[in-house]
$ cat start_26.txt   # compact mmCIF, C-alpha atoms
# COMPACT_ATOMS: atom_id res chain seq x y z
CA MET A 1 11.76 23.53 -2.46
CA GLU A 2 11.00 20.48 -4.59
CA SER A 3 11.18 21.03 -8.37
CA GLU A 4 8.15 20.41 -10.59
CA SER A 5 9.97 17.61 -12.45
CA SER A 6 10.89 15.90 -9.20
CA PHE A 7 7.30 16.17 -7.95
CA ILE A 8 5.91 14.71 -11.20
CA ALA A 9 8.48 11.88 -11.18
CA LYS A 10 7.60 10.99 -7.60
CA GLN A 11 3.86 10.89 -8.34
CA LEU A 12 4.32 8.76 -11.44
CA ARG A 13 6.62 6.26 -9.76
CA PHE A 14 4.48 5.85 -6.68
CA PHE A 15 1.32 5.56 -8.78
CA THR A 16 2.74 2.74 -10.90
CA ALA A 17 4.06 0.98 -7.79
CA THR A 18 0.63 1.30 -6.17
CA LEU A 19 -1.10 -0.05 -9.26
CA TYR A 20 1.40 -2.90 -9.37
CA ALA A 21 0.71 -3.68 -5.70
CA GLN A 22 -3.04 -3.77 -6.36
CA ILE A 23 -2.55 -6.08 -9.32
CA LYS A 24 -0.31 -8.29 -7.19
CA LEU A 25 -3.04 -8.52 -4.56
CA SER A 26 -5.60 -9.44 -7.22
CA THR A 27 -3.42 -12.13 -8.81
CA ARG A 28 -2.73 -13.57 -5.37
CA ASP A 29 -6.49 -13.96 -4.97
CA GLY A 30 -6.71 -15.73 -8.33
CA LEU A 31 -7.88 -12.74 -10.39
CA THR A 32 -5.39 -12.71 -13.25
CA ASP A 33 -7.22 -10.40 -15.65
CA LEU A 34 -7.76 -6.67 -15.34
CA PRO A 35 -11.25 -5.27 -15.83
CA LYS A 36 -11.73 -3.99 -19.36
CA ASN A 37 -12.15 -0.36 -18.27
CA GLN A 38 -8.81 -0.58 -16.44
CA GLU A 39 -7.09 -1.77 -19.62
CA ILE A 40 -8.70 1.01 -21.67
CA SER A 41 -7.43 3.60 -19.18
CA LEU A 42 -3.93 2.18 -19.44
CA LEU A 43 -4.22 2.09 -23.24
CA ALA A 44 -4.71 5.86 -23.33
CA LEU A 45 -1.56 6.29 -21.23
CA ILE A 46 0.44 3.91 -23.45
CA ASN A 47 -0.65 5.77 -26.56
CA LEU A 48 0.43 9.10 -25.11
CA ALA A 49 3.74 7.83 -23.70
CA TYR A 50 4.83 6.04 -26.88
CA GLY A 51 3.09 8.16 -29.51
CA THR A 52 1.12 5.14 -30.68
CA ASN A 53 -2.47 4.78 -31.88
CA PHE A 54 -3.50 1.40 -30.49
CA ILE A 55 -7.23 0.67 -30.55
CA ASP A 56 -9.42 -2.00 -29.02
CA LEU A 57 -9.49 -4.71 -31.69
CA ASN A 58 -12.54 -6.34 -30.12
CA SER A 59 -14.52 -3.29 -31.24
CA ILE A 60 -13.74 -4.38 -34.81
CA SER A 61 -14.26 -8.10 -34.35
CA GLN A 62 -15.54 -9.79 -31.21
CA ASN A 63 -12.99 -12.14 -29.63
CA PHE A 64 -10.20 -10.87 -31.85
CA PRO A 65 -7.49 -13.57 -31.92
CA GLY A 66 -4.03 -13.20 -30.41
CA PHE A 67 -4.26 -9.84 -28.66
CA ASP A 68 -6.86 -7.26 -27.69
CA TYR A 69 -5.24 -4.09 -28.99
CA GLY A 70 -3.34 -3.13 -32.11
CA SER A 71 -2.36 -0.58 -34.73
CA VAL A 72 -2.55 -1.51 -38.40
CA SER A 73 -0.64 1.63 -39.45
CA MET A 74 2.24 0.70 -37.13
CA GLY A 75 1.89 -3.05 -37.75
CA ILE A 76 1.91 -3.83 -34.03
CA GLY A 77 -0.35 -5.99 -31.89
CA LEU A 78 -0.48 -5.16 -28.17
CA GLN A 79 -1.05 -7.73 -25.44
CA MET A 80 -1.62 -6.35 -21.95
CA THR A 81 -1.06 -8.89 -19.16
CA ALA A 82 -0.10 -9.33 -15.52
CA THR A 83 1.12 -12.87 -16.25
CA VAL A 84 4.86 -12.79 -16.89
CA THR A 85 5.64 -16.32 -18.03
CA LYS A 86 7.23 -17.82 -21.12
CA GLN A 87 4.12 -19.95 -21.64
CA LYS A 88 1.91 -16.86 -21.78
CA PHE A 89 4.18 -15.24 -24.37
CA GLN A 90 4.46 -18.46 -26.35
CA ASN A 91 0.68 -18.93 -26.50
CA THR A 92 0.25 -15.44 -27.94
CA LEU A 93 3.04 -15.99 -30.46
CA ASN A 94 1.62 -19.36 -31.53
CA THR A 95 -1.79 -17.79 -32.21
CA HIS A 96 -0.09 -14.96 -34.10
CA ASN A 97 2.03 -17.27 -36.27
CA SER A 98 -0.85 -19.60 -37.10
CA ASN A 99 -3.03 -16.79 -38.45
CA THR A 100 -1.73 -15.51 -41.84
CA LEU A 101 -3.89 -12.35 -41.89
CA LEU A 102 -2.99 -11.52 -38.30
CA LYS A 103 0.70 -11.88 -39.01
CA LYS A 104 0.40 -9.75 -42.14
CA ASN A 105 -1.45 -6.86 -40.48
CA TYR A 106 0.45 -7.00 -37.19
CA PRO A 107 3.94 -8.36 -37.88
CA LYS A 108 5.23 -7.11 -34.50
CA ILE A 109 3.99 -7.84 -30.98
CA TRP A 110 4.31 -5.65 -27.89
CA PHE A 111 3.72 -7.19 -24.48
CA PHE A 112 2.74 -4.52 -21.96
CA LEU A 113 3.46 -6.13 -18.59
CA LEU A 114 1.70 -4.86 -15.48
CA THR A 115 4.77 -4.99 -13.27
CA VAL A 116 7.54 -2.64 -12.17
CA GLU A 117 10.12 -5.41 -12.17
CA PRO A 118 12.50 -6.02 -15.10
CA VAL A 119 11.53 -8.97 -17.29
CA SER A 120 13.86 -11.91 -16.81
CA SER A 121 15.68 -13.07 -19.93
CA SER A 122 14.71 -16.62 -19.00
CA VAL A 123 11.04 -15.96 -19.83
CA LYS A 124 11.55 -13.83 -22.94
CA LEU A 125 11.13 -15.33 -26.38
CA SER A 126 14.07 -14.79 -28.72
CA SER A 127 12.35 -12.92 -31.53
CA PRO A 128 13.25 -9.51 -33.01
CA ASP A 129 9.54 -8.88 -33.60
CA ILE A 130 8.63 -8.92 -29.90
CA GLU A 131 9.09 -6.05 -27.45
CA TYR A 132 8.50 -6.19 -23.70
CA ILE A 133 7.38 -3.04 -21.84
CA THR A 134 6.65 -2.68 -18.11
CA LEU A 135 4.91 0.01 -16.07
CA PHE A 136 8.37 1.15 -14.99
CA ASP A 137 9.50 1.38 -18.62
CA MET A 138 6.51 3.56 -19.47
CA VAL A 139 7.26 5.98 -16.62
CA THR A 140 10.93 6.12 -17.64
CA LYS A 141 9.85 6.92 -21.21
CA VAL A 142 7.71 9.80 -19.96
CA LEU A 143 10.40 11.17 -17.64
CA ASN A 144 12.90 11.22 -20.51
CA ASN A 145 10.59 13.62 -22.31
CA SER A 146 10.08 17.37 -21.73
CA ARG A 147 8.59 18.74 -18.54
CA ALA A 148 5.54 19.96 -20.48
CA PHE A 149 5.02 16.42 -21.80
CA GLN A 150 5.42 15.00 -18.27
CA ALA A 151 2.78 17.42 -16.99
CA SER A 152 0.34 16.51 -19.78
CA PHE A 153 0.88 12.80 -19.09
CA LEU A 154 0.23 13.34 -15.37
CA ASP A 155 -2.95 15.29 -16.20
CA LEU A 156 -4.19 12.36 -18.30
CA LEU A 157 -3.23 9.93 -15.56
CA LYS A 158 -5.20 11.93 -12.99
CA ASN A 159 -8.16 12.04 -15.33
CA GLU A 160 -8.11 8.29 -16.02
CA TYR A 161 -7.45 7.36 -12.38
CA ALA A 162 -9.25 10.17 -10.58
CA ARG A 163 -10.03 7.98 -7.55
CA TYR A 164 -6.30 7.82 -6.76
CA PHE A 165 -6.02 11.58 -6.63
CA SER A 166 -9.35 12.77 -5.25
CA PHE A 167 -10.89 12.49 -1.83
CA ASN A 168 -14.40 13.27 -0.68
CA PRO A 169 -14.56 13.89 3.08
CA ALA A 170 -18.33 13.44 2.95
CA GLN A 171 -17.80 9.76 2.13
CA ARG A 172 -16.03 9.18 5.44
CA ASN A 173 -17.80 7.81 8.47
CA SER A 174 -15.95 9.08 11.54
CA PHE A 175 -18.26 7.68 14.17
CA SER A 176 -18.95 4.05 13.36
CA ILE A 177 -17.08 1.11 11.96
CA SER A 178 -17.98 0.11 8.44
CA PRO A 179 -16.51 -2.70 6.33
CA ALA A 180 -16.90 -0.29 3.41
CA ILE A 181 -13.89 1.77 4.59
CA PRO A 182 -10.89 0.04 2.99
CA VAL A 183 -7.28 0.95 3.59
CA PRO A 184 -6.40 3.41 0.80
CA THR A 185 -4.00 2.24 -1.88
CA ASP A 186 -2.53 5.65 -2.72
CA LEU A 187 0.06 5.67 0.08
CA MET A 188 2.83 7.55 -1.70
CA LEU A 189 3.36 10.09 1.11
CA PHE A 190 3.19 7.50 3.88
CA ASN A 191 5.70 5.26 2.10
CA GLU A 192 7.88 8.28 1.54
CA SER A 193 7.74 9.09 5.26
CA ILE A 194 9.04 5.63 6.18
CA SER A 195 11.57 5.48 3.30
CA THR A 196 10.20 2.31 1.71
CA ASN A 197 12.18 3.01 -1.46
CA GLU A 198 15.47 2.83 0.43
CA TRP A 199 14.65 -0.71 1.54
CA PHE A 200 13.48 -1.84 -1.91
CA PRO A 201 15.47 0.20 -4.46
CA ASP A 202 15.14 -2.43 -7.21
CA ASN A 203 11.53 -3.40 -6.55
CA PRO A 204 9.60 -0.70 -4.65
CA GLY A 205 6.31 -2.39 -5.47
CA GLU A 206 7.22 -5.27 -3.15
CA GLY A 207 7.82 -2.82 -0.32
CA TYR A 208 4.56 -0.93 -0.91
CA LEU A 209 2.69 -4.21 -0.90
CA LYS A 210 4.24 -5.23 2.43
CA VAL A 211 3.34 -1.88 4.00
CA PHE A 212 -0.22 -2.01 2.62
CA ASN A 213 -0.67 -5.56 3.91
CA LEU A 214 0.57 -4.60 7.39
CA ILE A 215 -1.85 -1.66 7.64
CA ASN A 216 -4.64 -3.84 6.28
CA ARG A 217 -3.83 -6.52 8.88
CA LEU A 218 -3.70 -3.93 11.67
CA GLN A 219 -7.11 -2.62 10.65
CA SER A 220 -8.46 -6.18 10.64
CA GLU A 221 -7.12 -6.89 14.14
CA LEU A 222 -8.54 -3.61 15.45
CA SER A 223 -11.95 -4.42 14.01
CA LYS A 224 -12.03 -7.58 16.15
CA CYS A 225 -11.63 -5.52 19.33
CA SER A 226 -14.38 -3.82 21.32
CA LEU A 227 -14.61 -0.03 21.24
CA GLN A 228 -13.49 0.00 24.87
CA ALA A 229 -10.41 -2.03 23.94
CA ARG A 230 -9.49 0.47 21.24
CA GLN A 231 -9.98 3.27 23.76
CA ILE A 232 -7.51 1.53 26.07
CA LEU A 233 -5.08 1.36 23.15
CA ILE A 234 -5.38 5.11 22.58
CA THR A 235 -4.85 5.73 26.29
CA ILE A 236 -1.62 3.70 26.18
CA ILE A 237 -0.37 5.73 23.22
CA THR A 238 -1.39 9.02 24.85
CA LEU A 239 0.45 8.27 28.10
CA ALA A 240 3.62 6.89 26.48
CA LYS A 241 6.56 9.01 25.43
CA GLN A 242 6.01 10.23 21.90
CA PRO A 243 8.18 8.17 19.51
CA THR A 244 10.93 9.95 17.60
CA TYR A 245 11.66 7.13 15.18
CA GLN A 246 9.35 4.91 13.13
CA ASN A 247 10.72 1.69 14.62
CA GLU A 248 10.47 2.68 18.30
CA LYS A 249 8.40 0.59 20.65
CA ILE A 250 5.63 2.39 22.52
CA VAL A 251 5.91 1.54 26.21
CA VAL A 252 3.90 2.66 29.23
CA TYR A 253 3.53 1.36 32.79
CA ALA A 254 0.30 -0.52 33.42
CA ASP A 255 -0.38 1.32 36.67
CA ALA A 256 -0.27 4.63 34.77
CA VAL A 257 -2.99 3.35 32.44
CA TRP A 258 -5.09 2.09 35.35
CA GLY A 259 -4.78 5.43 37.09
CA SER A 260 -5.71 7.38 33.97
CA LEU A 261 -8.80 5.21 33.41
CA ASN A 262 -9.73 5.12 37.15
CA VAL A 263 -9.43 1.33 37.26
CA ASP A 264 -9.91 -0.03 40.78
CA GLU A 265 -10.93 -3.28 42.46
CA ASN A 266 -14.52 -2.71 41.33
CA THR A 267 -13.70 -2.18 37.64
CA ILE A 268 -10.56 -4.29 37.11
CA GLU A 269 -12.53 -7.28 35.80
CA LEU A 270 -14.24 -5.12 33.17
CA PHE A 271 -10.89 -3.57 32.21
CA ASN A 272 -9.28 -7.02 31.86
CA TYR A 273 -12.22 -8.22 29.74
CA HIS A 274 -11.67 -5.50 27.14
CA PHE A 275 -7.88 -5.54 27.43
CA ASN A 276 -7.94 -9.24 26.53
CA PHE A 277 -9.15 -8.30 23.03
CA LEU A 278 -5.88 -6.41 22.49
CA GLU A 279 -3.84 -9.37 23.74
CA ILE A 280 -5.49 -12.10 21.68
CA ASN A 281 -5.21 -9.98 18.54
CA GLU A 282 -1.50 -9.42 19.26
CA LEU A 283 -1.81 -5.65 19.49
CA VAL A 284 -0.20 -5.34 22.91
CA GLU A 285 2.43 -7.26 24.89
CA ILE A 286 2.78 -7.35 28.70
CA LEU A 287 6.29 -7.31 30.14
CA ASP A 288 7.60 -7.17 33.70
CA GLU A 289 10.35 -4.60 34.17
CA TYR A 290 12.87 -5.40 36.89
CA GLN A 291 12.90 -2.85 39.72
CA GLU A 292 14.89 -4.29 42.61
CA ILE A 293 15.55 -7.30 44.82
CA TYR A 294 14.18 -7.07 48.35
CA THR A 295 14.08 -9.46 51.28
CA VAL A 296 11.41 -10.44 53.76
CA GLY A 297 13.10 -12.31 56.54
CA ASP A 298 15.36 -14.86 54.89
CA GLU A 299 13.47 -14.85 51.61
CA ALA A 300 14.62 -12.76 48.61
CA TYR A 301 12.08 -11.39 46.18
CA ILE A 302 12.27 -9.58 42.84
CA LYS A 303 10.16 -6.48 42.53
CA THR A 304 8.84 -5.76 39.02
CA ARG A 305 6.61 -3.19 37.41
CA LYS A 306 4.22 -4.24 34.66
CA GLN A 307 4.56 -2.59 31.25
CA TYR A 308 2.31 -2.48 28.20
CA VAL A 309 4.30 -2.59 24.95
CA LEU A 310 2.99 -1.75 21.47
CA ASP A 311 5.23 -3.11 18.74
CA TYR A 312 3.30 -4.07 15.60
CA ARG A 313 6.12 -4.34 13.11
CA ILE A 314 7.83 -5.59 10.00
CA CYS A 315 11.60 -5.52 9.47
CA GLU A 316 11.79 -4.31 5.86
CA PRO A 317 11.07 -1.42 5.94
CA GLU A 318 11.92 -1.41 9.63
CA ILE A 319 8.84 0.05 11.29
CA ASN A 320 6.62 -0.30 14.30
CA MET A 321 3.31 0.59 12.66
CA PHE A 322 2.00 2.29 15.80
CA SER A 323 4.96 4.69 15.86
CA ALA A 324 5.08 5.19 12.10
CA LEU A 325 1.37 6.02 11.95
CA LEU A 326 1.51 8.35 14.94
CA ILE A 327 4.46 10.30 13.50
CA PHE A 328 2.74 10.55 10.10
CA TYR A 329 -0.58 11.73 11.53
CA LEU A 330 1.10 14.31 13.74
CA ASN A 331 3.09 15.64 10.77
CA ARG A 332 0.26 15.57 8.22
CA HIS A 333 -2.95 15.75 10.27
CA SER A 334 -3.47 15.79 14.05
CA PHE A 335 -3.58 13.51 17.07
CA GLY A 336 -7.38 13.72 16.92
CA ASP A 337 -7.30 12.26 13.42
CA PHE A 338 -4.95 9.51 14.63
CA GLU A 339 -7.35 8.76 17.49
CA ASN A 340 -10.33 8.60 15.13
CA ALA A 341 -8.42 6.25 12.81
CA PHE A 342 -7.99 3.70 15.59
CA LEU A 343 -11.37 4.14 17.25
CA ASN A 344 -13.25 3.84 13.95
CA CYS A 345 -10.86 1.49 12.09
CA ASP A 346 -10.73 4.13 9.37
CA PHE A 347 -7.30 4.84 7.86
CA SER A 348 -8.62 6.78 4.87
CA LYS A 349 -6.68 9.88 5.93
CA LEU A 350 -3.47 8.08 5.00
CA SER A 351 -4.55 8.64 1.40
CA ASP A 352 -2.30 10.95 -0.63
CA ALA A 353 -5.46 12.55 -1.99
CA CYS A 354 -6.64 13.43 1.52
CA VAL A 355 -3.29 14.97 2.48
CA ASN A 356 -3.10 16.91 -0.80
CA LEU A 357 -6.65 18.18 -0.26
CA LEU A 358 -5.70 19.59 3.14
CA ASN A 359 -2.60 21.25 1.71
CA LYS A 360 -4.56 23.17 -0.92

$ encode --input "start_26.txt" --output "structure tokens"
Amino acid sequence: MESESSFIAKQLRFFTATLYAQIKLSTRDGLTDLPKNQEISLLALINLAYGTNFIDLNSISQNFPGFDYGSVSMGIGLQMTATVTKQKFQNTLNTHNSNTLLKKNYPKIWFFLLTVEPVSSSVKLSSPDIEYITLFDMVTKVLNNSRAFQASFLDLLKNEYARYFSFNPAQRNSFSISPAIPVPTDLMLFNESISTNEWFPDNPGEGYLKVFNLINRLQSELSKCSLQARQILITIITLAKQPTYQNEKIVVYADAVWGSLNVDENTIELFNYHFNFLEINELVEILDEYQEIYTVGDEAYIKTRKQYVLDYRICEPEINMFSALLIFYLNRHSFGDFENAFLNCDFSKLSDACVNLLNK
């Protein structure tokens, strides 16, 4: 049985990695600043983890120079940023040094960096008055404290970021596709099932981002297919041997699929029309399996049998997403839920919150 401390540590680490992955996605799209309410939520966590009393300085004076948060009693200004560059740090320091009152009230500067990666010495400024803290550092600080403190920190985290830990089944639409059903970002349990951490021990956030992107891409490709095409996909998976490993290919003979769907000379054109959606969106591959060589008169011929192969993969972590998802759904939910996910392009049941809700 997993200990309480181990469970708390796992939730904290996966949460920060998930948050980091979201921030990474936002910065990739050109959004370099967090919403203000997001920063305020993080501020409460920083204050608890470090025993500080930082406040929003803009509530004292609009457009407060240098940094947004600070503590006069501790003499520290806090700059929260996802931009980890020497230029960013230098700009803040220049503003700080050029303002006599600012330097007097806040002689020290903390940079809280929204990353799980260690800060390279090449971007740090050589000043004893500057401290660099990452999301990973904050979690480490909490985990070095008592179990009671860890539990109280996790309670605050769940309060500030309730959407990561709660799930409302009534919000799901199981019967129609909606662009309002995004791939969930709280994929701690799914990443645990495919051992993402083992592939990215020094930077798990990179691994979580790759996995999220692959699921997001799979959902996008599925949404371009007709409902009948997605039904063919489910038929292929149903008829194939159930995968044992997350990187296994899913393979089934084409004639088995045709037989199951009652495809004949009158319906083959309609079948091919819908099947083509799967091909052009690179969700299925057609291979010819060698059977035998036979002769007709003096001519030799190779007999083959057509196969449909599902292998939507990345190499690190090494997974075929079809197999990994099927194994996860069978372990945590049901095949019916897996089927609904593909038919409705709705992977919300991958959410940790949804799995935890079912386990209560």

$ closest_residue --input "start_26.txt" --among "A:Val119, A:Val355, A:Ala151, A:Leu287" --to "Lys86 (chain A)" --atoms "all atoms listed in the file"
A:Val119

$ atom_distance --input "start_26.txt" --atom1 "CA of Glu289 (chain A)" --atom2 "CA of Gln231 (chain A)"
24.2 Å

$ closest_residue --input "start_26.txt" --among "A:Asp352, A:Glu4, A:Glu117, A:Asp337" --to "Leu187 (chain A)" --atoms "all atoms listed in the file"
A:Asp352

$ closest_residue --input "start_26.txt" --among "A:Ala21, A:Ile302, A:Leu310, A:Leu143" --to "Val211 (chain A)" --atoms "all atoms listed in the file"
A:Ala21

$ closest_residue --input "start_26.txt" --among "A:Ser121, A:Gly205, A:Leu214, A:Ser193" --to "Leu330 (chain A)" --atoms "only C-alpha atoms"
A:Ser193

$ atom_distance --input "start_26.txt" --atom1 "CA of Asp129 (chain A)" --atom2 "CA of Pro107 (chain A)"
7.1 Å

$ atom_distance --input "start_26.txt" --atom1 "CA of Leu326 (chain A)" --atom2 "CA of Ala229 (chain A)"
18.2 Å

$ residues_around --input "start_26.txt" --residues "region 195-203 of chain A" --least-positions-apart "5" --cutoff "8 Å" --atoms "only C-alpha atoms" --output "compact mmCIF listing (two decimals) with C-alpha atoms, in the coordinates of the input"
# COMPACT_ATOMS: atom_id res chain seq x y z
CA VAL A 116 7.54 -2.64 -12.17
CA GLU A 117 10.12 -5.41 -12.17
CA TYR A 208 4.56 -0.93 -0.91
CA GLU A 316 11.79 -4.31 5.86
CA PRO A 317 11.07 -1.42 5.94

$ residues_near_point --input "start_26.txt" --point "(-7.6, 8.1, 3.8)" --cutoff "9 Å" --atoms "all atoms listed in the file" --output "PDB file with C-alpha atoms, keeping the file's coordinate frame"
ATOM      1  CA  PHE A 167     -10.890  12.490  -1.830  1.00  0.00           C
ATOM      2  CA  ARG A 172     -16.030   9.180   5.440  1.00  0.00           C
ATOM      3  CA  ILE A 181     -13.890   1.770   4.590  1.00  0.00           C
ATOM      4  CA  PRO A 182     -10.890   0.040   2.990  1.00  0.00           C
ATOM      5  CA  VAL A 183      -7.280   0.950   3.590  1.00  0.00           C
ATOM      6  CA  PRO A 184      -6.400   3.410   0.800  1.00  0.00           C
ATOM      7  CA  THR A 185      -4.000   2.240  -1.880  1.00  0.00           C
ATOM      8  CA  ASP A 186      -2.530   5.650  -2.720  1.00  0.00           C
ATOM      9  CA  LEU A 187       0.060   5.670   0.080  1.00  0.00           C
ATOM     10  CA  ASP A 346     -10.730   4.130   9.370  1.00  0.00           C
ATOM     11  CA  PHE A 347      -7.300   4.840   7.860  1.00  0.00           C
ATOM     12  CA  SER A 348      -8.620   6.780   4.870  1.00  0.00           C
ATOM     13  CA  LYS A 349      -6.680   9.880   5.930  1.00  0.00           C
ATOM     14  CA  LEU A 350      -3.470   8.080   5.000  1.00  0.00           C
ATOM     15  CA  SER A 351      -4.550   8.640   1.400  1.00  0.00           C
ATOM     16  CA  ASP A 352      -2.300  10.950  -0.630  1.00  0.00           C
ATOM     17  CA  ALA A 353      -5.460  12.550  -1.990  1.00  0.00           C
ATOM     18  CA  CYS A 354      -6.640  13.430   1.520  1.00  0.00           C
ATOM     19  CA  VAL A 355      -3.290  14.970   2.480  1.00  0.00           C
TER      20      VAL A 355
END

$ residues_near_point --input "start_26.txt" --point "(7.8, -0.4, 11.3)" --cutoff "12 Å" --atoms "all atoms listed in the file" --output "PyMOL selection string"
chain A and resi 190-191+193-196+199+207+210-212+214-215+243+245-250+310-327

$ closest_residue --input "start_26.txt" --among "A:Lys241, A:His333, A:Arg217, A:Lys10" --to "Thr140 (chain A)" --atoms "only C-alpha atoms"
A:Lys10

$ residues_around --input "start_26.txt" --residues "Ile8 (chain A)" --least-positions-apart "2" --cutoff "10 Å" --atoms "only C-alpha atoms" --output "PyMOL selection string"
chain A and resi 3-6+10-13+143+147+150-151+153-154

$ closest_residue --input "start_26.txt" --among "A:Phe342, A:Tyr132, A:Tyr253, A:Phe328" --to "Arg305 (chain A)" --atoms "all atoms listed in the file"
A:Tyr253

$ residues_around --input "start_26.txt" --residues "region 63-79 of chain A" --least-positions-apart "2" --cutoff "6 Å" --atoms "all atoms listed in the file" --output "number ranges by chain"
A: 54-58, 61, 92, 95-96, 105-111
